[in-house]
>>> print(open('start_30.txt').read())   # compact mmCIF, C-alpha atoms
# COMPACT_ATOMS: atom_id res chain seq x y z
CA MET A 87 166.49 -3.47 8.89
CA ARG A 88 163.17 -2.70 10.58
CA ASP A 89 160.24 -2.39 8.15
CA SER A 90 159.18 1.28 8.15
CA ARG A 91 155.87 0.75 6.39
CA SER A 92 152.88 1.97 8.38
CA VAL A 93 149.75 0.32 9.71
CA LEU A 94 146.60 2.28 8.91
CA VAL A 95 143.82 1.98 11.50
CA LEU A 96 140.39 3.11 10.35
CA THR A 97 138.27 3.82 13.41
CA ASN A 98 136.45 6.51 15.35
CA ALA A 99 138.07 8.68 18.01
CA TYR A 100 136.28 6.92 20.89
CA ASP A 101 137.29 3.35 20.03
CA VAL A 102 139.08 2.19 23.20
CA THR A 103 139.34 -1.36 21.84
CA ALA A 104 141.61 -0.12 19.06
CA ASP A 105 143.77 1.59 21.67
CA VAL A 106 144.76 -1.82 23.08
CA VAL A 107 146.31 -2.89 19.78
CA LEU A 108 147.77 0.55 19.06
CA ARG A 109 149.72 0.39 22.32
CA LEU A 110 151.13 -3.00 21.35
CA LEU A 111 152.14 -1.74 17.90
CA ALA A 112 153.81 1.28 19.50
CA GLY A 113 155.71 -1.03 21.84
CA ARG A 114 157.03 -2.88 18.79
CA ARG A 115 157.95 0.45 17.14
CA VAL A 116 155.58 -0.13 14.23
CA PRO A 117 154.50 3.18 12.60
CA VAL A 118 150.75 3.72 12.89
CA VAL A 119 148.34 6.16 11.28
CA ARG A 120 144.87 6.43 12.83
CA LEU A 121 142.12 7.84 10.63
CA ASP A 122 138.37 8.22 10.86
CA PRO A 123 137.68 9.09 7.21
CA GLY A 124 134.00 9.89 7.74
CA THR A 125 134.94 12.81 10.02
CA ASP A 126 138.67 13.53 9.68
CA LEU A 127 138.46 14.29 5.96
CA HIS A 128 136.16 17.20 6.90
CA THR A 129 138.44 18.53 9.63
CA GLY A 130 141.87 18.97 8.06
CA ALA A 131 142.90 15.53 6.80
CA SER A 132 143.13 14.93 3.05
CA LEU A 133 143.45 11.95 0.73
CA THR A 134 144.69 11.90 -2.87
CA ALA A 135 145.16 9.04 -5.32
CA THR A 136 146.57 9.15 -8.85
CA TYR A 137 146.39 6.44 -11.50
CA ARG A 138 148.57 6.30 -14.61
CA THR A 139 149.43 3.47 -16.93
CA GLY A 140 151.76 1.24 -14.94
CA ASP A 141 151.61 3.34 -11.80
CA GLN A 142 149.33 3.96 -8.82
CA ARG A 143 150.22 6.20 -5.92
CA GLY A 144 148.60 8.34 -3.27
CA THR A 145 149.07 10.64 -0.31
CA LEU A 146 147.29 10.72 3.04
CA ARG A 147 147.76 13.83 5.15
CA THR A 148 146.59 14.09 8.73
CA ALA A 149 147.18 16.71 11.42
CA SER A 150 150.46 15.03 12.36
CA ARG A 151 151.66 13.02 9.38
CA GLU A 152 152.00 12.77 5.62
CA ILE A 153 152.23 9.26 4.25
CA ASP A 154 152.74 7.69 0.84
CA THR A 155 149.87 5.20 0.60
CA ARG A 156 152.19 2.74 -1.16
CA ARG A 157 154.01 2.49 2.18
CA ILE A 158 151.00 1.13 4.06
CA ARG A 159 151.61 -2.48 5.01
CA SER A 160 148.26 -3.25 6.68
CA VAL A 161 144.83 -1.70 7.09
CA TRP A 162 142.74 -2.52 10.16
CA VAL A 163 139.12 -1.68 9.42
CA ARG A 164 137.84 -1.33 12.97
CA ARG A 165 134.92 1.02 13.65
CA PRO A 166 135.10 4.07 11.37
CA SER A 167 132.23 6.54 11.48
CA PRO A 168 129.70 6.54 8.62
CA TYR A 169 130.30 8.91 5.73
CA GLU A 170 127.70 11.60 6.52
CA GLY A 171 129.10 14.64 4.75
CA PRO A 172 130.32 17.97 6.17
CA PRO A 173 128.11 19.11 9.07
CA GLU A 174 127.84 22.62 7.66
CA LEU A 175 125.93 21.28 4.67
CA SER A 176 122.34 20.09 4.74
CA GLY A 177 119.79 18.27 2.63
CA GLN A 178 120.78 16.96 -0.76
CA ASP A 179 124.13 18.79 -0.70
CA ARG A 180 125.19 16.86 2.39
CA ARG A 181 123.89 13.58 0.96
CA PHE A 182 125.78 14.24 -2.26
CA ALA A 183 129.03 14.94 -0.40
CA ALA A 184 128.56 11.87 1.82
CA GLU A 185 128.06 9.54 -1.12
CA GLN A 186 130.99 11.03 -3.03
CA ALA A 187 133.15 10.47 0.07
CA LEU A 188 131.98 6.87 0.41
CA TRP A 189 132.63 5.99 -3.21
CA GLY A 190 135.72 8.17 -3.54
CA ALA A 191 137.68 8.11 -0.26
CA GLY A 192 136.17 4.74 0.68
CA GLY A 193 137.19 3.35 -2.69
CA ILE A 194 140.75 4.65 -2.38
CA LEU A 195 141.17 3.20 1.12
CA ALA A 196 139.84 -0.16 -0.04
CA SER A 197 142.27 -0.32 -2.99
CA LEU A 198 145.70 0.38 -1.51
CA PRO A 199 148.30 -1.55 -3.53
CA GLY A 200 150.02 -4.32 -1.61
CA ALA A 201 148.22 -3.68 1.70
CA HIS A 202 146.95 -6.47 3.95
CA TYR A 203 143.38 -5.88 5.17
CA VAL A 204 141.85 -7.01 8.47
CA ASN A 205 139.21 -7.24 7.09
CA HIS A 206 138.77 -5.77 3.65
CA PRO A 207 135.74 -3.43 3.91
CA TRP A 208 134.00 -5.08 0.96
CA SER A 209 134.48 -8.51 2.53
CA ASN A 210 133.12 -7.14 5.80
CA ARG A 211 130.00 -5.82 4.09
CA ALA A 212 129.34 -9.02 2.14
CA ALA A 213 129.78 -11.11 5.30
CA GLU A 214 127.32 -9.03 7.33
CA PHE A 215 124.24 -10.27 5.46
CA LYS A 216 122.49 -12.87 7.64
CA PRO A 217 121.27 -14.96 4.67
CA ALA A 218 124.85 -15.10 3.34
CA GLN A 219 126.11 -16.16 6.77
CA LEU A 220 123.60 -19.00 7.03
CA SER A 221 124.18 -20.18 3.47
CA THR A 222 127.95 -20.17 3.97
CA ALA A 223 127.67 -21.89 7.37
CA LEU A 224 125.70 -24.75 5.80
CA ARG A 225 128.29 -25.22 3.05
CA CYS A 226 131.12 -25.18 5.59
CA GLY A 227 129.68 -27.98 7.72
CA PHE A 228 128.33 -26.12 10.75
CA LEU A 229 125.22 -27.28 12.56
CA VAL A 230 122.59 -24.61 11.83
CA PRO A 231 119.21 -24.27 13.59
CA SER A 232 116.21 -24.48 11.26
CA THR A 233 115.61 -20.91 10.10
CA VAL A 234 113.16 -19.03 7.92
CA ILE A 235 113.52 -15.47 6.63
CA THR A 236 110.22 -14.30 5.18
CA ASP A 237 107.81 -11.43 4.66
CA ASP A 238 104.88 -13.87 4.43
CA PRO A 239 103.02 -13.97 7.78
CA GLN A 240 101.48 -17.37 7.11
CA GLU A 241 104.85 -18.89 6.23
CA ALA A 242 106.20 -17.52 9.52
CA ARG A 243 103.28 -18.88 11.55
CA THR A 244 103.50 -22.29 9.89
CA PHE A 245 107.23 -22.48 10.55
CA ALA A 246 106.79 -21.50 14.20
CA ALA A 247 104.02 -24.06 14.74
CA ARG A 248 106.22 -26.87 13.41
CA GLN A 249 109.15 -26.29 15.79
CA PRO A 250 108.62 -28.52 18.85
CA GLY A 251 111.08 -26.57 20.97
CA GLY A 252 109.74 -23.15 20.03
CA VAL A 253 111.17 -20.36 17.93
CA VAL A 254 112.99 -17.08 18.44
CA TYR A 255 112.83 -13.86 16.45
CA LYS A 256 115.89 -11.83 15.59
CA PRO A 257 116.30 -8.89 13.20
CA VAL A 258 118.32 -9.48 10.03
CA TRP A 259 120.19 -6.23 10.72
CA ASN A 260 120.68 -4.12 13.84
CA THR A 261 118.97 -1.03 12.48
CA PRO A 262 118.99 1.94 14.91
CA TYR A 263 115.53 2.15 16.48
CA ARG A 264 114.02 4.65 18.89
CA VAL A 265 111.05 4.43 21.27
CA ASP A 266 109.82 7.71 22.80
CA ASP A 267 112.91 9.28 21.21
CA GLN A 268 115.21 6.97 23.21
CA PRO A 269 117.58 4.40 21.60
CA HIS A 270 116.02 0.95 21.73
CA SER A 271 117.72 -2.38 21.07
CA VAL A 272 115.80 -5.25 19.49
CA TRP A 273 116.96 -8.33 21.38
CA VAL A 274 116.53 -11.95 20.38
CA ARG A 275 113.28 -13.15 21.96
CA GLU A 276 111.04 -16.20 21.97
CA VAL A 277 107.75 -15.96 20.06
CA ARG A 278 104.70 -18.21 19.56
CA ALA A 279 102.92 -18.77 16.26
CA ALA A 280 99.81 -16.97 17.55
CA GLU A 281 101.86 -13.83 18.27
CA ILE A 282 103.01 -13.46 14.65
CA THR A 283 100.80 -10.84 13.00
CA ASP A 284 100.34 -9.64 9.46
CA ALA A 285 102.83 -6.86 10.22
CA VAL A 286 105.48 -9.39 9.13
CA SER A 287 104.55 -8.44 5.55
CA VAL A 288 106.18 -5.01 5.98
CA CYS A 289 109.71 -6.43 5.62
CA PRO A 290 111.66 -9.70 5.91
CA HIS A 291 111.68 -11.20 9.42
CA MET A 292 113.96 -13.96 10.70
CA PHE A 293 112.59 -16.81 12.80
CA GLN A 294 114.81 -19.61 14.08
CA ALA A 295 114.22 -22.84 15.94
CA LYS A 296 115.17 -22.33 19.58
CA VAL A 297 118.22 -24.37 20.56
CA ASP A 298 117.97 -26.14 23.92
CA LYS A 299 121.34 -24.79 24.92
CA ALA A 300 123.45 -25.42 27.98
CA PHE A 301 125.50 -22.29 27.32
CA ASP A 302 126.60 -19.88 24.60
CA ALA A 303 130.07 -19.72 23.10
CA ARG A 304 132.02 -17.02 21.32
CA VAL A 305 134.91 -18.03 19.09
CA THR A 306 137.12 -15.15 17.97
CA ALA A 307 139.19 -16.05 14.92
CA VAL A 308 142.30 -14.12 13.92
CA GLY A 309 143.55 -15.93 10.86
CA GLY A 310 144.21 -19.49 11.94
CA ARG A 311 144.28 -18.65 15.66
CA LEU A 312 141.07 -19.31 17.58
CA PHE A 313 140.07 -18.02 21.02
CA GLY A 314 136.98 -19.58 22.58
CA VAL A 315 134.98 -18.52 25.62
CA ARG A 316 131.97 -20.09 27.29
CA ILE A 317 129.20 -17.61 28.14
CA ASP A 318 126.66 -18.31 30.88
CA SER A 319 123.76 -15.89 31.12
CA PRO A 320 120.24 -15.90 32.61
CA ASP A 321 118.99 -14.28 29.38
CA LEU A 322 118.15 -15.84 26.03
CA ASP A 323 120.26 -13.07 24.45
CA TRP A 324 123.40 -12.69 26.57
CA ARG A 325 124.04 -9.20 25.15
CA HIS A 326 120.93 -7.88 26.93
CA ARG A 327 122.43 -7.73 30.42
CA GLN A 328 126.13 -8.31 30.05
CA ASP A 329 126.68 -7.45 33.71
CA LEU A 330 124.91 -10.73 34.60
CA MET A 331 126.87 -13.02 32.30
CA THR A 332 130.05 -14.93 33.12
CA CYS A 333 132.78 -15.95 30.68
CA ILE A 334 135.56 -18.51 30.92
CA PRO A 335 137.98 -19.77 28.26
CA ILE A 336 136.91 -22.97 26.49
CA GLU A 337 138.47 -25.33 23.97
CA VAL A 338 137.06 -25.18 20.45
CA PRO A 339 136.18 -28.64 19.08
CA ALA A 340 138.23 -29.72 16.07
CA SER A 341 135.15 -30.02 13.85
CA VAL A 342 134.12 -26.46 14.69
CA ALA A 343 137.67 -25.20 14.10
CA ARG A 344 137.72 -26.78 10.63
CA ALA A 345 134.37 -25.23 9.75
CA VAL A 346 135.57 -21.82 10.99
CA ALA A 347 138.67 -22.02 8.77
CA THR A 348 136.55 -22.94 5.74
CA TYR A 349 134.06 -20.14 6.48
CA LEU A 350 136.80 -17.49 6.76
CA ALA A 351 138.38 -18.63 3.51
CA GLU A 352 135.09 -18.67 1.61
CA LEU A 353 134.14 -15.14 2.70
CA ARG A 354 137.74 -13.86 2.43
CA LEU A 355 137.96 -12.84 6.07
CA ASN A 356 141.04 -12.61 8.28
CA TYR A 357 138.97 -11.96 11.40
CA GLY A 358 135.58 -13.16 12.58
CA ALA A 359 133.58 -13.29 15.83
CA PHE A 360 131.48 -16.48 15.78
CA ASP A 361 128.54 -17.08 18.11
CA PHE A 362 127.27 -20.56 18.98
CA ALA A 363 124.57 -22.17 21.11
CA VAL A 364 125.98 -25.31 22.72
CA THR A 365 123.73 -28.13 23.91
CA ALA A 366 124.24 -30.36 26.95
CA ALA A 367 125.27 -33.12 24.52
CA GLY A 368 128.08 -30.94 23.16
CA ALA A 369 126.54 -29.94 19.82
CA TRP A 370 127.70 -26.50 18.68
CA TYR A 371 125.01 -24.69 16.65
CA PHE A 372 126.14 -21.77 14.50
CA LEU A 373 124.14 -18.60 15.19
CA GLU A 374 126.09 -15.90 13.38
CA CYS A 375 129.51 -14.50 12.55
CA ASN A 376 130.15 -10.80 13.01
CA PRO A 377 133.09 -10.02 10.69
CA ASN A 378 134.00 -7.02 12.85
CA GLY A 379 132.73 -8.07 16.27
CA GLN A 380 133.92 -6.60 19.56
CA TRP A 381 136.33 -8.69 21.61
CA ALA A 382 137.72 -6.62 24.50
CA TRP A 383 134.83 -7.61 26.82
CA GLN A 384 136.15 -11.16 27.19
CA PRO A 385 138.27 -12.49 30.09
CA ALA A 386 141.52 -10.57 30.50
CA GLN A 387 143.74 -13.41 29.29
CA THR A 388 141.59 -13.95 26.21
CA THR A 389 141.45 -10.24 25.41
CA ALA A 390 145.23 -9.99 25.73
CA ALA A 391 145.76 -13.01 23.47
CA ILE A 392 143.41 -11.64 20.78
CA ALA A 393 145.17 -8.26 20.92
CA GLN A 394 148.54 -9.95 20.45
CA ALA A 395 147.24 -12.01 17.52
CA LEU A 396 145.83 -8.92 15.80
CA THR A 397 149.07 -7.03 16.41
CA ASP A 398 151.07 -9.89 14.92
CA ARG A 399 148.88 -9.93 11.84
CA LEU A 400 149.00 -6.17 11.29
CA GLU A 401 152.75 -6.02 11.86
CA LYS A 402 153.41 -8.86 9.42
CA GLY A 403 151.47 -7.27 6.59
CA PRO A 404 150.82 -9.03 3.28
CA ASP A 405 152.17 -12.49 2.63
CA THR A 406 155.23 -12.41 0.41
>>> encode(input="start_30.txt", output="C-alpha cells")
Amino acid sequence: MRDSRSVLVLTNAYDVTADVVLRLLAGRRVPVVRLDPGTDLHTGASLTATYRTGDQRGTLRTASREIDTRRIRSVWVRRPSPYEGPPELSGQDRRFAAEQALWGAGGILASLPGAHYVNHPWSNRAAEFKPAQLSTALRCGFLVPSTVITDDPQEARTFAARQPGGVVYKPVWNTPYRVDDQPHSVWVREVRAAEITDAVSVCPHMFQAKVDKAFDARVTAVGGRLFGVRIDSPDLDWRHRQDLMTCIPIEVPASVARAVATYLAELRLNYGAFDFAVTAAGAWYFLECNPNGQWAWQPAQTTAAIAQALTDRLEKGPDT
C-alpha cells in the first residue's frame, strides 16, 4: 500500500527551487504540504500541538488542508521567511509576537515525532557559524587555509603580513547591508596589512590566507550522494558576477568525499553545499559549507540529479 504520510516543505511563496522538487513529489503521488510559517500563520493557517503523558499530537491547518502532524514523514527546511510578527502590529507588540512565534510554532515544527528532517532547523543554525565550520573541517581532515577571526586590529595586521600569498577578507555572516538605501553585498576581497584599520575592533572580522587556486568547486551533498561541479570565474568571489562564470560536472576526490561524510555526520546534516578552492596541483581547500545552500543554478544535469536525490530522501522519510 502506498504510504499516505505527507512531506512538509517549509519555504517562502517565491522559492522556485522548491518547486522543482515539489513537481517530482507530485509525480510520485507523494502528499505535500507547503507552509511559510513566518507569514502563513498570520494569514489563515494555524498550528496546534498537545502534550500528555505518553502522547504527543498536533494539527496543521492551511487554506487547503488539515493534517495530523503525526502523519508527516519528512520536513524539508528550505527557505522559510523570518518570524516577524503580524504586520498590523508595531513596536514591542510585534517583536513579542514574532518571538513567541519563533519559540512556539518554530519549536513545534522542529519537534514533530518520527519525522525526517532535511535539515533539522537547529542543526542548520548550529552549522551556519563560520568558526564551527572551520573547527569541524579541521577535525574531519579537510585542508583549511590559515584563518584568523579577530576584533584585534594588530592581530589582523600581523596575520596578513605573515601570509606570503596575501589574504582575503570575508564576513562571518551575510548580514543585510545598505549603501545609500540600496542593498549592498559584501563580497570576498583581497586586502593588504596596511589597509586594515582600527575599525576592526568594532566586531569580529575574518581574514584568510589566499589560496592560489586554479578553479573553485561546489560539492552538493544529499546524504551519501555527492554532486560536484567545477566553477571557473574571472572574480575572486564567483558569486559576484555569476553571469560570467562557467560550471561543468567534476569528480569528487575520495579523500574529500570521506571528509564530507564525516562533516555531515558530526554536524547532524542530511544536506550540505560545500565550497572549495582547488589548486593546480589538485589540492582541495575547504572554504565553507552552507547547510541550506542553493543548488538550482548548476548545470542542468547536476540540478536534475540533486532534485531527484532530495525527492528520494523526502519520500523515504525516517529510517526504520
>>> closest_residue(input="start_30.txt", among="A:Met331, A:Leu195, A:Val106, A:Ala391", to="A:Arg156", atoms="all atoms listed in the file")
A:Leu195
>>> axis_aligned_box(input="start_30.txt", around="stretch 398-403 of chain A", padding_each_side="5 Å", output="JSON")
{"center_x": 151.1, "center_y": -8.0, "center_z": 10.8, "size_x": 14.5, "size_y": 13.9, "size_z": 18.3}
>>> atom_distance(input="start_30.txt", atom1="atom CA of A:Ala191", atom2="atom CA of A:Leu133")
7.0 Å
>>> closest_residue(input="start_30.txt", among="A:Leu108, A:Val346, A:Val338, A:Ala184", to="A:Glu401", atoms="all atoms listed in the file")
A:Leu108
>>> atom_distance(input="start_30.txt", atom1="atom CA of A:Tyr137", atom2="atom CA of A:Asn98")
28.6 Å
>>> closest_residue(input="start_30.txt", among="A:Lys296, A:Ala366, A:Ser221, A:Asn376", to="A:Gly251", atoms="only C-alpha atoms")
A:Lys296
>>> closest_residue(input="start_30.txt", among="A:His291, A:Tyr169, A:Thr348, A:Gly130", to="A:Phe182", atoms="all atoms listed in the file")
A:Tyr169
>>> closest_residue(input="start_30.txt", among="A:Leu198, A:Val315, A:Ala363, A:Val342", to="A:Asp302", atoms="all atoms listed in the file")
A:Ala363
>>> residues_around(input="start_30.txt", residues="A:Lys299", least_positions_apart="4", cutoff="12 Å", atoms="all atoms listed in the file", output="ChimeraX atom specification")
/A:231,251,295,303,316-323,362-373
>>> closest_residue(input="start_30.txt", among="A:His206, A:Arg138, A:Lys216, A:Arg165", to="A:Asp105", atoms="all atoms listed in the file")
A:Arg165
>>> residues_around(input="start_30.txt", residues="A:Arg147", least_positions_apart="4", cutoff="7 Å", atoms="all atoms listed in the file", output="PyMOL selection string")
chain A and resi 131-133+151-153
>>> residues_around(input="start_30.txt", residues="A:Ala279", least_positions_apart="2", cutoff="7 Å", atoms="all atoms listed in the file", output="ChimeraX atom specification")
/A:243,246-247,277,281-282
